[in-house]
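Shown next: structure-v9.tsv, containing TSV, C-alpha atoms and all ligand atoms.
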```tsv
chain	number	residue	atom	x	y	z
Z	1	MET	CA	-133.16	96.06	-123.47
Z	2	LYS	CA	-134.71	97.16	-126.77
Z	3	GLU	CA	-136.83	99.76	-125.01
Z	4	ILE	CA	-133.98	102.17	-124.39
Z	5	ASN	CA	-134.74	105.41	-126.14
Z	6	ILE	CA	-132.39	107.71	-127.98
Z	7	GLU	CA	-132.14	110.26	-125.18
Z	8	GLU	CA	-131.06	107.56	-122.77
Z	9	LEU	CA	-128.47	106.28	-125.24
Z	10	GLU	CA	-127.18	109.79	-125.83
Z	11	LYS	CA	-126.96	110.41	-122.12
Z	12	ARG	CA	-124.95	107.22	-121.60
Z	13	PHE	CA	-122.76	108.12	-124.55
Z	14	GLN	CA	-121.95	111.53	-123.12
Z	15	GLU	CA	-121.25	109.98	-119.72
Z	16	LYS	CA	-118.70	107.67	-121.31
Z	17	ILE	CA	-117.05	110.63	-123.01
Z	18	ASP	CA	-117.03	112.66	-119.80
Z	19	ALA	CA	-115.40	109.73	-118.02
Z	20	ASP	CA	-112.71	109.61	-120.76
Z	21	ILE	CA	-113.81	106.19	-121.95
Z	22	ARG	CA	-112.91	105.85	-125.61
Z	23	ILE	CA	-115.57	105.16	-128.21
Z	24	GLU	CA	-114.81	102.21	-130.48
Z	25	PRO	CA	-116.22	101.53	-133.97
Z	26	LYS	CA	-119.02	99.13	-133.06
Z	27	ASP	CA	-120.20	101.11	-130.03
Z	28	TRP	CA	-123.44	103.04	-130.21
Z	29	MET	CA	-122.87	106.69	-131.11
Z	30	PRO	CA	-125.13	109.57	-132.09
Z	31	ASP	CA	-125.48	110.08	-135.82
Z	32	ALA	CA	-124.17	113.61	-135.58
Z	33	TYR	CA	-121.03	112.40	-133.78
Z	34	ARG	CA	-120.41	109.88	-136.55
Z	35	LYS	CA	-121.00	112.44	-139.29
Z	36	THR	CA	-118.87	115.12	-137.69
Z	37	LEU	CA	-116.03	112.67	-137.19
Z	38	ILE	CA	-116.23	111.34	-140.73
Z	39	ARG	CA	-116.01	114.92	-141.99
Z	40	GLN	CA	-113.14	115.79	-139.67
Z	41	ILE	CA	-111.10	112.62	-140.27
Z	42	SER	CA	-111.59	112.63	-144.03
Z	43	GLN	CA	-110.65	116.31	-144.26
Z	44	HIS	CA	-107.58	115.48	-142.25
Z	45	ALA	CA	-106.78	112.55	-144.57
Z	46	HIS	CA	-107.21	114.74	-147.65
Z	47	SER	CA	-104.87	117.32	-146.13
Z	48	GLU	CA	-102.15	114.69	-145.71
Z	49	ILE	CA	-102.55	113.54	-149.30
Z	50	VAL	CA	-102.82	116.96	-150.93
Z	51	GLY	CA	-100.00	118.07	-148.64
Z	52	MET	CA	-97.65	115.81	-150.59
Z	53	LEU	CA	-98.01	117.97	-153.70
Z	54	PRO	CA	-96.26	121.23	-152.71
Z	55	GLU	CA	-93.27	119.27	-151.41
Z	56	GLY	CA	-93.34	116.66	-154.14
Z	57	ASN	CA	-92.72	119.63	-156.42
Z	58	TRP	CA	-89.14	119.88	-155.11
Z	59	ILE	CA	-88.03	116.25	-154.75
Z	60	THR	CA	-86.29	116.12	-158.11
Z	61	ARG	CA	-84.63	119.49	-157.46
Z	62	ALA	CA	-83.35	118.91	-153.94
Z	63	PRO	CA	-79.85	120.42	-153.63
Z	64	ASN	CA	-78.15	117.15	-152.72
Z	65	LEU	CA	-78.74	113.47	-152.20
Z	66	ARG	CA	-79.17	113.72	-148.43
Z	67	ARG	CA	-81.85	116.39	-148.77
Z	68	LYS	CA	-83.52	114.40	-151.49
Z	69	ALA	CA	-83.66	111.18	-149.46
Z	70	VAL	CA	-85.02	113.09	-146.45
Z	71	LEU	CA	-87.69	114.92	-148.43
Z	72	LEU	CA	-88.72	111.71	-150.13
Z	73	ALA	CA	-89.08	109.97	-146.75
Z	74	LYS	CA	-91.05	112.91	-145.39
Z	75	VAL	CA	-93.47	112.95	-148.30
Z	76	GLN	CA	-93.86	109.18	-148.06
Z	77	ASP	CA	-94.79	109.59	-144.39
Z	78	GLU	CA	-97.55	112.00	-145.39
Z	79	ALA	CA	-98.96	109.34	-147.72
Z	80	GLY	CA	-98.90	106.97	-144.75
Z	81	HIS	CA	-100.73	109.53	-142.59
Z	82	GLY	CA	-103.40	109.82	-145.24
Z	83	LEU	CA	-103.80	106.05	-145.30
Z	84	TYR	CA	-104.07	105.70	-141.49
Z	85	LEU	CA	-106.76	108.35	-141.56
Z	86	TYR	CA	-108.77	106.97	-144.48
Z	87	SER	CA	-108.85	103.63	-142.63
Z	88	ALA	CA	-109.99	105.38	-139.45
Z	89	ALA	CA	-112.80	107.06	-141.42
Z	90	GLU	CA	-113.77	103.67	-142.82
Z	91	THR	CA	-114.28	102.28	-139.32
Z	92	LEU	CA	-117.17	104.77	-139.06
Z	93	GLY	CA	-118.77	103.42	-142.21
Z	94	ALA	CA	-117.37	105.94	-144.68
Z	95	ASP	CA	-116.84	104.49	-148.14
Z	96	ARG	CA	-113.22	104.91	-149.24
Z	97	GLU	CA	-113.96	105.53	-152.92
Z	98	GLU	CA	-116.70	108.03	-152.16
Z	99	THR	CA	-114.52	109.84	-149.67
Z	100	ILE	CA	-111.82	110.28	-152.28
Z	101	ASP	CA	-114.31	111.22	-154.98
Z	102	ASP	CA	-115.62	113.97	-152.69
Z	103	LEU	CA	-112.14	115.46	-152.65
Z	104	HIS	CA	-111.94	115.27	-156.42
Z	105	SER	CA	-115.34	116.85	-156.99
Z	106	GLY	CA	-114.43	119.75	-154.71
Z	107	LYS	CA	-117.11	118.77	-152.20
Z	108	ALA	CA	-114.63	117.92	-149.46
Z	109	LYS	CA	-112.19	120.38	-147.95
Z	110	TYR	CA	-108.57	120.07	-146.96
Z	111	SER	CA	-106.16	122.36	-145.16
Z	112	SER	CA	-105.97	125.73	-146.91
Z	113	ILE	CA	-102.19	125.92	-146.47
Z	114	PHE	CA	-101.61	123.51	-149.35
Z	115	ASN	CA	-103.15	125.93	-151.80
Z	116	TYR	CA	-100.07	128.13	-151.62
Z	117	PRO	CA	-97.29	127.50	-154.15
Z	118	THR	CA	-93.77	126.35	-153.26
Z	119	LEU	CA	-91.61	128.78	-155.20
Z	120	THR	CA	-88.13	128.12	-153.84
Z	121	TRP	CA	-86.15	125.41	-152.08
Z	122	ALA	CA	-86.44	127.47	-148.89
Z	123	ASP	CA	-90.15	126.65	-148.88
Z	124	MET	CA	-89.24	123.02	-148.11
Z	125	GLY	CA	-87.61	124.30	-144.95
Z	126	THR	CA	-90.41	126.67	-144.01
Z	127	ILE	CA	-93.11	124.07	-144.61
Z	128	GLY	CA	-91.43	121.50	-142.38
Z	129	TRP	CA	-90.79	124.09	-139.71
Z	130	LEU	CA	-94.10	125.98	-139.73
Z	131	VAL	CA	-96.65	123.78	-141.45
Z	132	ASP	CA	-95.63	120.53	-139.80
Z	133	GLY	CA	-95.07	122.53	-136.61
Z	134	ALA	CA	-98.64	123.81	-136.73
Z	135	ALA	CA	-99.87	120.32	-137.60
Z	136	ILE	CA	-98.14	118.98	-134.49
Z	137	MET	CA	-99.86	121.63	-132.36
Z	138	ASN	CA	-103.19	120.52	-133.80
Z	139	GLN	CA	-102.55	116.80	-133.65
Z	140	VAL	CA	-100.96	116.25	-130.25
Z	141	PRO	CA	-104.21	116.99	-128.37
Z	142	LEU	CA	-106.05	114.69	-130.78
Z	143	CYS	CA	-104.04	111.74	-129.47
Z	144	ARG	CA	-106.51	112.00	-126.56
Z	145	CYS	CA	-109.62	112.41	-128.69
Z	146	SER	CA	-112.67	110.35	-127.78
Z	147	TYR	CA	-112.73	108.14	-130.87
Z	148	GLY	CA	-110.32	105.22	-130.46
Z	149	PRO	CA	-109.20	104.62	-134.06
Z	150	TYR	CA	-108.64	108.35	-134.66
Z	151	ALA	CA	-106.70	108.77	-131.43
Z	152	ARG	CA	-104.52	105.76	-132.26
Z	153	ALA	CA	-103.84	107.07	-135.77
Z	154	MET	CA	-102.83	110.40	-134.25
Z	155	VAL	CA	-100.34	108.71	-131.95
Z	156	ARG	CA	-98.59	107.16	-134.94
Z	157	VAL	CA	-98.74	110.40	-136.88
Z	158	CYS	CA	-97.33	112.51	-134.06
Z	159	LYS	CA	-94.40	110.13	-133.61
Z	160	GLU	CA	-93.50	110.71	-137.24
Z	161	GLU	CA	-94.15	114.45	-137.37
Z	162	SER	CA	-91.28	115.52	-135.17
Z	163	PHE	CA	-88.77	114.39	-137.79
Z	164	HIS	CA	-90.71	116.44	-140.34
Z	165	GLN	CA	-90.40	119.60	-138.34
Z	166	ARG	CA	-86.73	119.08	-137.55
Z	167	GLN	CA	-85.70	118.42	-141.13
Z	168	GLY	CA	-87.49	121.62	-142.14
Z	169	PHE	CA	-85.90	123.68	-139.41
Z	170	GLU	CA	-82.51	122.29	-140.40
Z	171	ILE	CA	-83.01	123.54	-143.96
Z	172	VAL	CA	-84.09	126.97	-142.68
Z	173	THR	CA	-81.14	127.17	-140.30
Z	174	LYS	CA	-78.65	126.26	-143.02
Z	175	LEU	CA	-80.03	128.88	-145.37
Z	176	ALA	CA	-80.23	131.53	-142.66
Z	177	GLN	CA	-76.54	130.94	-141.91
Z	178	GLY	CA	-75.59	130.85	-145.57
Z	179	THR	CA	-74.81	133.53	-148.14
Z	180	PRO	CA	-76.83	136.78	-148.09
Z	181	GLU	CA	-78.83	135.42	-151.03
Z	182	GLN	CA	-79.61	132.20	-149.15
Z	183	LYS	CA	-80.65	134.10	-146.07
Z	184	ALA	CA	-82.87	136.36	-148.16
Z	185	MET	CA	-84.46	133.28	-149.67
Z	186	ALA	CA	-85.26	131.92	-146.22
Z	187	GLN	CA	-86.69	135.27	-145.14
Z	188	ASP	CA	-88.81	135.57	-148.27
Z	189	SER	CA	-90.20	132.11	-147.65
Z	190	LEU	CA	-91.05	132.94	-144.05
Z	191	ASN	CA	-92.75	136.12	-145.26
Z	192	ARG	CA	-94.99	134.13	-147.57
Z	193	PHE	CA	-95.82	131.27	-145.21
Z	194	TRP	CA	-96.15	132.92	-141.80
Z	195	TRP	CA	-99.72	134.16	-142.13
Z	196	PRO	CA	-101.05	131.11	-143.99
Z	197	ALA	CA	-99.49	128.97	-141.23
Z	198	LEU	CA	-101.42	130.92	-138.59
Z	199	MET	CA	-104.58	130.37	-140.63
Z	200	MET	CA	-104.07	126.60	-140.35
Z	201	PHE	CA	-105.67	126.74	-136.91
Z	202	GLY	CA	-108.94	127.74	-138.52
Z	203	PRO	CA	-111.28	130.67	-137.96
Z	204	SER	CA	-111.13	132.61	-134.73
Z	205	ASP	CA	-113.15	131.13	-131.87
Z	206	ALA	CA	-115.90	133.70	-132.35
Z	207	ASP	CA	-116.45	132.47	-135.94
Z	208	SER	CA	-115.93	128.77	-135.42
Z	209	GLN	CA	-119.20	126.94	-136.08
Z	210	HIS	CA	-118.62	123.41	-134.88
Z	211	SER	CA	-116.32	124.08	-131.97
Z	212	GLU	CA	-118.57	123.89	-128.97
Z	213	GLN	CA	-120.18	120.54	-129.76
Z	214	SER	CA	-116.84	119.10	-130.85
Z	215	MET	CA	-115.24	120.12	-127.56
Z	216	LYS	CA	-118.08	118.47	-125.67
Z	217	TRP	CA	-117.55	115.29	-127.65
Z	218	LYS	CA	-113.81	115.57	-127.14
Z	219	ILE	CA	-113.01	115.31	-130.82
Z	220	LYS	CA	-111.48	118.74	-130.46
Z	221	ARG	CA	-109.60	119.45	-127.28
Z	222	ASN	CA	-108.38	123.04	-127.56
Z	223	SER	CA	-109.90	126.05	-129.26
Z	224	ASN	CA	-108.46	127.39	-132.52
Z	225	ASP	CA	-107.24	130.59	-130.88
Z	226	GLU	CA	-105.62	128.73	-127.99
Z	227	LEU	CA	-103.64	126.53	-130.36
Z	228	ARG	CA	-102.71	129.48	-132.55
Z	229	GLN	CA	-101.38	131.36	-129.53
Z	230	MET	CA	-99.34	128.33	-128.44
Z	231	PHE	CA	-97.88	128.10	-131.92
Z	232	VAL	CA	-96.88	131.77	-132.01
Z	233	ASP	CA	-95.33	131.54	-128.57
Z	234	VAL	CA	-93.07	128.61	-129.43
Z	235	THR	CA	-92.21	129.72	-132.95
Z	236	VAL	CA	-91.18	133.34	-132.44
Z	237	PRO	CA	-88.09	132.47	-130.35
Z	238	GLN	CA	-87.08	129.89	-132.97
Z	239	ALA	CA	-87.15	132.55	-135.68
Z	240	GLU	CA	-85.12	134.88	-133.49
Z	241	LEU	CA	-82.57	132.19	-132.85
Z	242	VAL	CA	-81.83	131.72	-136.54
Z	243	GLY	CA	-81.95	135.45	-137.21
Z	244	LEU	CA	-85.13	135.63	-139.27
Z	245	THR	CA	-87.85	138.22	-138.82
Z	246	ILE	CA	-91.52	137.32	-138.39
Z	247	PRO	CA	-93.42	139.48	-140.90
Z	248	ASP	CA	-95.74	141.08	-138.36
Z	249	PRO	CA	-95.13	144.67	-137.19
Z	250	ASP	CA	-97.65	144.20	-134.37
Z	251	LEU	CA	-95.86	141.22	-132.88
Z	252	LYS	CA	-94.61	141.92	-129.39
Z	253	TRP	CA	-94.15	140.15	-126.08
Z	254	ASN	CA	-96.91	140.84	-123.60
Z	255	GLU	CA	-95.35	140.56	-120.17
Z	256	GLU	CA	-98.68	140.57	-118.38
Z	257	LYS	CA	-100.26	137.61	-120.14
Z	258	GLY	CA	-96.91	135.85	-120.61
Z	259	SER	CA	-97.33	135.40	-124.35
Z	260	TYR	CA	-97.05	137.28	-127.63
Z	261	ASP	CA	-99.55	139.74	-129.03
Z	262	PHE	CA	-99.78	139.49	-132.78
Z	263	GLY	CA	-101.45	141.29	-135.67
Z	264	GLU	CA	-104.84	140.71	-137.22
Z	265	ILE	CA	-105.11	137.77	-139.63
Z	266	ASN	CA	-106.45	138.55	-143.08
Z	267	TRP	CA	-109.67	136.53	-142.76
Z	268	ASP	CA	-110.84	137.57	-146.21
Z	269	GLU	CA	-107.89	135.76	-147.68
Z	270	PHE	CA	-108.59	132.75	-145.46
Z	271	TRP	CA	-112.22	132.43	-146.59
Z	272	GLN	CA	-111.25	132.98	-150.22
Z	273	VAL	CA	-108.78	130.10	-150.09
Z	274	VAL	CA	-111.19	127.86	-148.18
Z	275	SER	CA	-113.91	128.45	-150.73
Z	276	GLY	CA	-111.67	127.41	-153.62
Z	277	ASN	CA	-110.07	130.65	-154.79
Z	278	GLY	CA	-106.53	130.19	-153.49
Z	279	ILE	CA	-103.56	130.32	-155.83
Z	280	CYS	CA	-103.31	126.55	-156.27
Z	281	ASN	CA	-106.75	125.11	-155.40
Z	282	LYS	CA	-107.54	124.07	-158.96
Z	283	GLU	CA	-104.07	122.71	-159.62
Z	284	ARG	CA	-104.09	120.60	-156.43
Z	285	VAL	CA	-107.43	118.94	-157.03
Z	286	GLU	CA	-106.59	118.44	-160.69
Z	287	ALA	CA	-103.32	116.74	-159.74
Z	288	ARG	CA	-105.16	114.35	-157.41
Z	289	ARG	CA	-107.79	113.59	-160.01
Z	290	LYS	CA	-105.12	112.85	-162.62
Z	291	ALA	CA	-103.23	110.66	-160.18
Z	292	LYS	CA	-106.33	108.55	-159.68
Z	293	GLU	CA	-107.06	108.32	-163.40
Z	294	ASN	CA	-103.50	107.59	-164.42
Z	295	GLY	CA	-103.17	104.96	-161.71
Z	296	SER	CA	-106.33	103.09	-162.59
Z	297	TRP	CA	-104.48	100.61	-164.85
Z	298	VAL	CA	-102.24	99.69	-161.90
Z	299	ARG	CA	-105.23	98.93	-159.70
Z	300	GLU	CA	-106.84	96.93	-162.48
Z	301	ALA	CA	-103.64	95.01	-163.09
Z	302	ALA	CA	-103.40	94.22	-159.37
Z	303	ASN	CA	-106.97	92.91	-159.45
Z	304	ALA	CA	-106.27	90.79	-162.53
Z	305	TYR	CA	-103.12	89.40	-160.95
Z	306	ALA	CA	-104.96	88.59	-157.71
Z	307	ALA	CA	-107.73	86.86	-159.66
Z	308	LYS	CA	-105.24	84.81	-161.67
Z	309	LYS	CA	-103.40	83.71	-158.54
Z	310	ALA	CA	-106.64	82.75	-156.82
Z	311	GLN	CA	-107.66	80.72	-159.85
Z	312	ARG	CA	-104.34	78.90	-159.96
Z	313	LYS	CA	-104.62	78.10	-156.28
Z	314	ALA	CA	-108.14	76.73	-156.72
Z	315	SER	CA	-107.29	74.40	-159.62
T	1	MET	CA	-113.09	98.16	-166.92
T	2	THR	CA	-113.66	96.64	-163.51
T	3	LYS	CA	-114.44	99.08	-160.75
T	4	LYS	CA	-113.84	96.56	-158.04
T	5	GLU	CA	-112.79	98.04	-154.71
T	6	TRP	CA	-109.92	96.22	-153.07
T	7	PRO	CA	-110.90	94.29	-149.94
T	8	LEU	CA	-110.11	95.67	-146.51
T	9	TYR	CA	-107.47	93.91	-144.40
T	10	GLU	CA	-106.74	94.25	-140.70
T	11	VAL	CA	-103.03	94.41	-140.00
T	12	PHE	CA	-101.23	92.85	-137.03
T	13	ILE	CA	-97.56	93.44	-136.32
T	14	ARG	CA	-95.10	91.59	-134.10
T	15	SER	CA	-92.79	94.35	-132.99
T	16	LYS	CA	-90.04	91.97	-131.91
T	17	GLN	CA	-89.37	88.30	-131.33
T	18	GLY	CA	-90.96	87.19	-128.08
T	19	LEU	CA	-93.96	89.53	-128.31
T	20	SER	CA	-97.33	88.70	-129.80
T	21	HIS	CA	-98.81	90.31	-132.90
T	22	LYS	CA	-100.80	93.43	-132.17
T	23	HIS	CA	-103.49	95.12	-134.22
T	24	VAL	CA	-102.17	98.34	-135.76
T	25	GLY	CA	-104.84	99.36	-138.26
T	26	SER	CA	-106.19	98.39	-141.63
T	27	LEU	CA	-105.57	98.90	-145.32
T	28	ARG	CA	-106.88	97.92	-148.72
T	29	ALA	CA	-105.09	95.60	-151.16
T	30	ALA	CA	-105.97	93.40	-154.11
T	31	ASP	CA	-104.98	90.20	-152.28
T	32	GLU	CA	-103.24	89.04	-149.13
T	33	THR	CA	-99.73	89.02	-150.60
T	34	MET	CA	-100.08	92.62	-151.68
T	35	ALA	CA	-101.70	93.42	-148.34
T	36	VAL	CA	-98.52	92.26	-146.58
T	37	GLU	CA	-96.39	94.35	-148.93
T	38	ASN	CA	-98.57	97.40	-148.40
T	39	ALA	CA	-98.57	96.84	-144.64
T	40	ARG	CA	-94.77	96.83	-144.75
T	41	ASP	CA	-94.81	100.28	-146.36
T	42	VAL	CA	-97.66	101.75	-144.34
T	43	TYR	CA	-97.01	100.38	-140.87
T	44	THR	CA	-93.32	99.50	-140.59
T	45	ARG	CA	-91.37	102.38	-142.15
T	46	ARG	CA	-89.31	102.71	-138.97
T	47	SER	CA	-88.58	99.07	-138.15
T	48	GLU	CA	-91.74	98.71	-136.08
T	49	GLY	CA	-92.04	95.05	-136.93
T	50	VAL	CA	-90.41	91.69	-137.58
T	51	SER	CA	-93.56	89.90	-138.69
T	52	ILE	CA	-96.88	90.88	-140.26
T	53	TRP	CA	-100.29	89.19	-140.22
T	54	VAL	CA	-103.10	90.36	-142.43
T	55	VAL	CA	-106.68	89.15	-142.10
T	56	GLU	CA	-109.49	90.16	-144.38
T	57	SER	CA	-111.72	92.31	-142.20
T	58	LYS	CA	-114.88	90.49	-143.20
T	59	ASN	CA	-113.47	87.31	-141.65
T	60	ILE	CA	-113.28	88.77	-138.18
T	61	PHE	CA	-116.20	87.86	-135.98
T	62	ALA	CA	-116.42	90.13	-132.97
T	63	SER	CA	-118.34	90.21	-129.71
T	64	ASP	CA	-121.17	92.70	-129.60
T	65	PRO	CA	-120.29	95.79	-127.55
T	66	SER	CA	-123.91	96.28	-126.50
T	67	GLU	CA	-123.77	92.84	-124.87
T	68	ALA	CA	-120.41	93.38	-123.22
T	69	ASP	CA	-121.96	93.75	-119.76
T	70	SER	CA	-123.66	90.37	-119.76
T	71	LEU	CA	-120.82	88.70	-121.65
T	72	PHE	CA	-118.19	89.67	-119.11
T	73	GLU	CA	-120.36	89.74	-116.01
T	74	PRO	CA	-119.44	86.22	-114.87
T	75	ALA	CA	-115.86	87.34	-114.28
T	76	ASP	CA	-116.81	90.52	-112.45
T	77	SER	CA	-118.30	88.66	-109.51
T	78	LYS	CA	-115.33	86.36	-108.96
T	79	VAL	CA	-112.87	88.52	-107.11
T	80	TYR	CA	-111.43	85.41	-105.49
T	81	ARG	CA	-109.63	84.72	-108.75
T	82	HIS	CA	-107.24	87.52	-107.88
T	83	PRO	CA	-104.40	87.12	-105.36
T	84	THR	CA	-105.35	90.40	-103.68
T	85	PHE	CA	-108.53	88.71	-102.42
T	86	TYR	CA	-106.60	86.74	-99.83
T	87	ASP	CA	-105.30	87.76	-96.42
T	88	VAL	CA	-101.66	86.99	-95.96
T	89	PRO	CA	-100.39	87.26	-92.40
T	90	ASP	CA	-97.69	89.87	-91.72
T	91	GLY	CA	-94.22	88.43	-91.88
T	92	ILE	CA	-94.97	85.97	-94.65
T	93	SER	CA	-92.77	86.42	-97.69
T	94	HIS	CA	-92.21	84.69	-101.04
T	95	MET	CA	-95.97	84.40	-101.61
S	401	FE	FE	-98.67	114.43	-141.75
S	402	FE	FE	-95.77	116.00	-141.62
```

Go ahead and render the structure in this file as C-alpha cells.
Amino acid sequence: MKEINIEELEKRFQEKIDADIRIEPKDWMPDAYRKTLIRQISQHAHSEIVGMLPEGNWITRAPNLRRKAVLLAKVQDEAGHGLYLYSAAETLGADREETIDDLHSGKAKYSSIFNYPTLTWADMGTIGWLVDGAAIMNQVPLCRCSYGPYARAMVRVCKEESFHQRQGFEIVTKLAQGTPEQKAMAQDSLNRFWWPALMMFGPSDADSQHSEQSMKWKIKRNSNDELRQMFVDVTVPQAELVGLTIPDPDLKWNEEKGSYDFGEINWDEFWQVVSGNGICNKERVEARRKAKENGSWVREAANAYAAKKAQRKAS
Amino acid sequence: MTKKEWPLYEVFIRSKQGLSHKHVGSLRAADETMAVENARDVYTRRSEGVSIWVVESKNIFASDPSEADSLFEPADSKVYRHPTFYDVPDGISHM
C-alpha cells in the first residue's frame, strides 16, 4: 500500500472528482488543491466579515425600528457566514489566528466591493439587492463544489442569503416609489454600485489566472463571465420594474443570444481596488484590526473564566 | 497577556424532538458552556435546533479514510443481508 506514488494518488483523486465524489478533510488531496482551497475559502470568509462594515455603518441610523432589526439580523448573518467559512478553512489545516492576521496585514484579499463607501441609506437597499444578489450567483454553484465542508457551508449560506437580497430590494422599491428625492437617492446609489457589483465576479475569463485548474477540481463551477452575464440578465428587468435606470448606455437586449449586451468594465479601477487603492481599503482593514485589539480583553476574560470554572470543578 | 487560542468544538444539533443530533460544523470557544452559547448564535439563528451537543474536536477519534476499503469490505460481500437478495414468488404480499 505504501508504494503508491504521487501520480497514482493524483489520478485517483481526479477520478473521484470527475465522478462527483466529495472530498472530505482527512482524504488524501494534492497540496495545490489544499492551498488553493484555503486561499479561496479564507478570502470568502474575510469578505463576509469585512462585508459587515459598510452596512454596520447604517445600523444606528436606520429610518425605523423594523429596518433596524432587519439590518441587524442581516449583518449578524454575515458574521455567521464568516464563521462557517473560517471553520471550513480550518478543516484543511489552516490556522485560524494566522488566517485572520493575514487579513490584518493586508496579505489576504477580500471582495473588492466592500472597499466602496456607503453614503446614504439607499446603499443599504442597493447592497442587499446587488451585492447579495451577486454573492448568491457566485455561491449557489459552490453548493456543489468538490470539497465537502465548503459545499455544506455554502448550503447554509445560500439559505440565508435570499432574505438578504429581498430586504435590500424592498428598501430600493420603497425609495423608488417614494418622493422624487427618495427616488433620486435610490438612482444615485444604483449608479455608484452597479459597476462595482459587476466587478464582484472577478476578472474577465481571458485574464483569470486560476480558473482552469479550479474548474477541473470543481471548486469553481462556472466562469466569471458566465456568472456576470447571468447576473445582468436577471437584474436588468428588476431595475426596470421599479423604474430605475442601469447606468450603462451600451446596455441592450440581444435577441440573437437571448441575453443582454453590456458596456466595458473599467478594469483599471478593478485592479486598483484589488491592490489596495480603493476608497475604503485602509479604513476597512484598520477597523478589523481595531476590533481584534479592542476585543482582546474579552477573549482573555473568557479564558480566565473558563480556567476558574475548570479549577472549581477539579477541586 | 495570554495568547491562548480557544479550543475547537464540533457542533451537533437535534433539529426536532424525535430526530438524532447531526453534525453541523465547528467553532471555537473558551469552554464547553460558551461553546453551546456560541453554537446557539452561529448555527440556530432560524430555529434550526431544539438541542445542542458540543464535543472538543481533539476528542473525536475517526476511522482512517485510506483504510476505508478494507474496513468496510466485510459488508460489501454480504448482499444476503438485504431483502432485495431474495426471490419472492409473484402473488405474495405483506412481505
Ligand atoms: Fe454572506
Ligand atoms: Fe448576505

Fill in: Selection near region 127-136 of chain Z, 8 Å with only C-alpha atoms, sequence-local residues under 4 positions removed, as a PyMOL selection string
chain Z and resi 113+123+140+158+161-162+164-169+172+193-194+197-198+200-201+231+235

I need the residue nearest ligand FE 402 (chain S) from this list: Z:Thr118, Z:Asn138, Z:Ser42, Z:Asn294. Use all atoms listed in the file for the distance.
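For ligand FE 402 (chain S), the nearest of the candidates is Z:Asn138.
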
Using all atoms listed in the file, I'd like a table of the residues in chain T that come within 10 Å of chain Z; for each, show the closest atom pair and its distance in Å rounded to one decimal, ordered by chain and ascending number, as JSON lines.
```
{"residue": "T:Met1", "atom": "CA", "partner": "Z:Glu300", "partner_atom": "CA", "distance": 7.8}
{"residue": "T:Thr2", "atom": "CA", "partner": "Z:Glu300", "partner_atom": "CA", "distance": 6.9}
{"residue": "T:Lys3", "atom": "CA", "partner": "Z:Glu300", "partner_atom": "CA", "distance": 8.1}
{"residue": "T:Lys4", "atom": "CA", "partner": "Z:Asn303", "partner_atom": "CA", "distance": 7.9}
{"residue": "T:Glu5", "atom": "CA", "partner": "Z:Glu97", "partner_atom": "CA", "distance": 7.8}
{"residue": "T:Trp6", "atom": "CA", "partner": "Z:Asn303", "partner_atom": "CA", "distance": 7.8}
{"residue": "T:Leu8", "atom": "CA", "partner": "Z:Ser87", "partner_atom": "CA", "distance": 8.9}
{"residue": "T:Tyr9", "atom": "CA", "partner": "Z:Ser87", "partner_atom": "CA", "distance": 10.0}
{"residue": "T:Glu10", "atom": "CA", "partner": "Z:Ser87", "partner_atom": "CA", "distance": 9.8}
{"residue": "T:Val24", "atom": "CA", "partner": "Z:Arg152", "partner_atom": "CA", "distance": 8.5}
{"residue": "T:Gly25", "atom": "CA", "partner": "Z:Tyr84", "partner_atom": "CA", "distance": 7.2}
{"residue": "T:Ser26", "atom": "CA", "partner": "Z:Ser87", "partner_atom": "CA", "distance": 6.0}
{"residue": "T:Leu27", "atom": "CA", "partner": "Z:Ser87", "partner_atom": "CA", "distance": 6.4}
{"residue": "T:Arg28", "atom": "CA", "partner": "Z:Ser87", "partner_atom": "CA", "distance": 8.6}
{"residue": "T:Ala29", "atom": "CA", "partner": "Z:Ala302", "partner_atom": "CA", "distance": 8.5}
{"residue": "T:Ala30", "atom": "CA", "partner": "Z:Asn303", "partner_atom": "CA", "distance": 5.5}
{"residue": "T:Asp31", "atom": "CA", "partner": "Z:Ala306", "partner_atom": "CA", "distance": 5.7}
{"residue": "T:Glu32", "atom": "CA", "partner": "Z:Ala306", "partner_atom": "CA", "distance": 8.8}
{"residue": "T:Thr33", "atom": "CA", "partner": "Z:Ala306", "partner_atom": "CA", "distance": 8.8}
{"residue": "T:Met34", "atom": "CA", "partner": "Z:Ala302", "partner_atom": "CA", "distance": 8.5}
{"residue": "T:Asp41", "atom": "CA", "partner": "Z:Gly80", "partner_atom": "CA", "distance": 8.0}
{"residue": "T:Val42", "atom": "CA", "partner": "Z:Gly80", "partner_atom": "CA", "distance": 5.4}
{"residue": "T:Tyr43", "atom": "CA", "partner": "Z:Gly80", "partner_atom": "CA", "distance": 7.9}
{"residue": "T:Arg45", "atom": "CA", "partner": "Z:Asp77", "partner_atom": "CA", "distance": 8.3}
{"residue": "T:Arg46", "atom": "CA", "partner": "Z:Glu160", "partner_atom": "CA", "distance": 9.2}
{"residue": "T:Ala62", "atom": "CA", "partner": "Z:Lys26", "partner_atom": "CA", "distance": 9.4}
{"residue": "T:Ser63", "atom": "CA", "partner": "Z:Lys26", "partner_atom": "CA", "distance": 9.6}
{"residue": "T:Asp64", "atom": "CA", "partner": "Z:Lys26", "partner_atom": "CA", "distance": 7.6}
{"residue": "T:Pro65", "atom": "CA", "partner": "Z:Asp27", "partner_atom": "CA", "distance": 5.9}
{"residue": "T:Ser66", "atom": "CA", "partner": "Z:Asp27", "partner_atom": "CA", "distance": 7.0}
```

Among listed residues Z:Phe163, Z:Trp58, Z:Tyr147, Z:Trp253, nearest ligand FE 401 (chain S) (using only C-alpha atoms and all ligand atoms):
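Once distances to ligand FE 401 (chain S) are computed over only C-alpha atoms and all ligand atoms, the minimum belongs to Z:Phe163.
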
Would you mind telling me which residue in Z:Met199, Z:Ile279, Z:Cys145, Z:Ala94 lies nearest to Arg34 (chain Z) when using only C-alpha atoms?
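Using only C-alpha atoms, Arg34 (chain Z) sits closest to Z:Ala94.
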
- request: Find the spatial neighbours of Ile59 (chain Z), counting all atoms listed in the file, within a cut-off of 12 Å - ignore same-chain residues fewer than 4 positions away - and output them as a PyMOL selection string.
  value: chain Z and resi 52-55+63-76+118+120-121+124

CA of Gly93 (chain Z) sits from CA of Lys107 (chain Z) at a separation of 18.4 Å
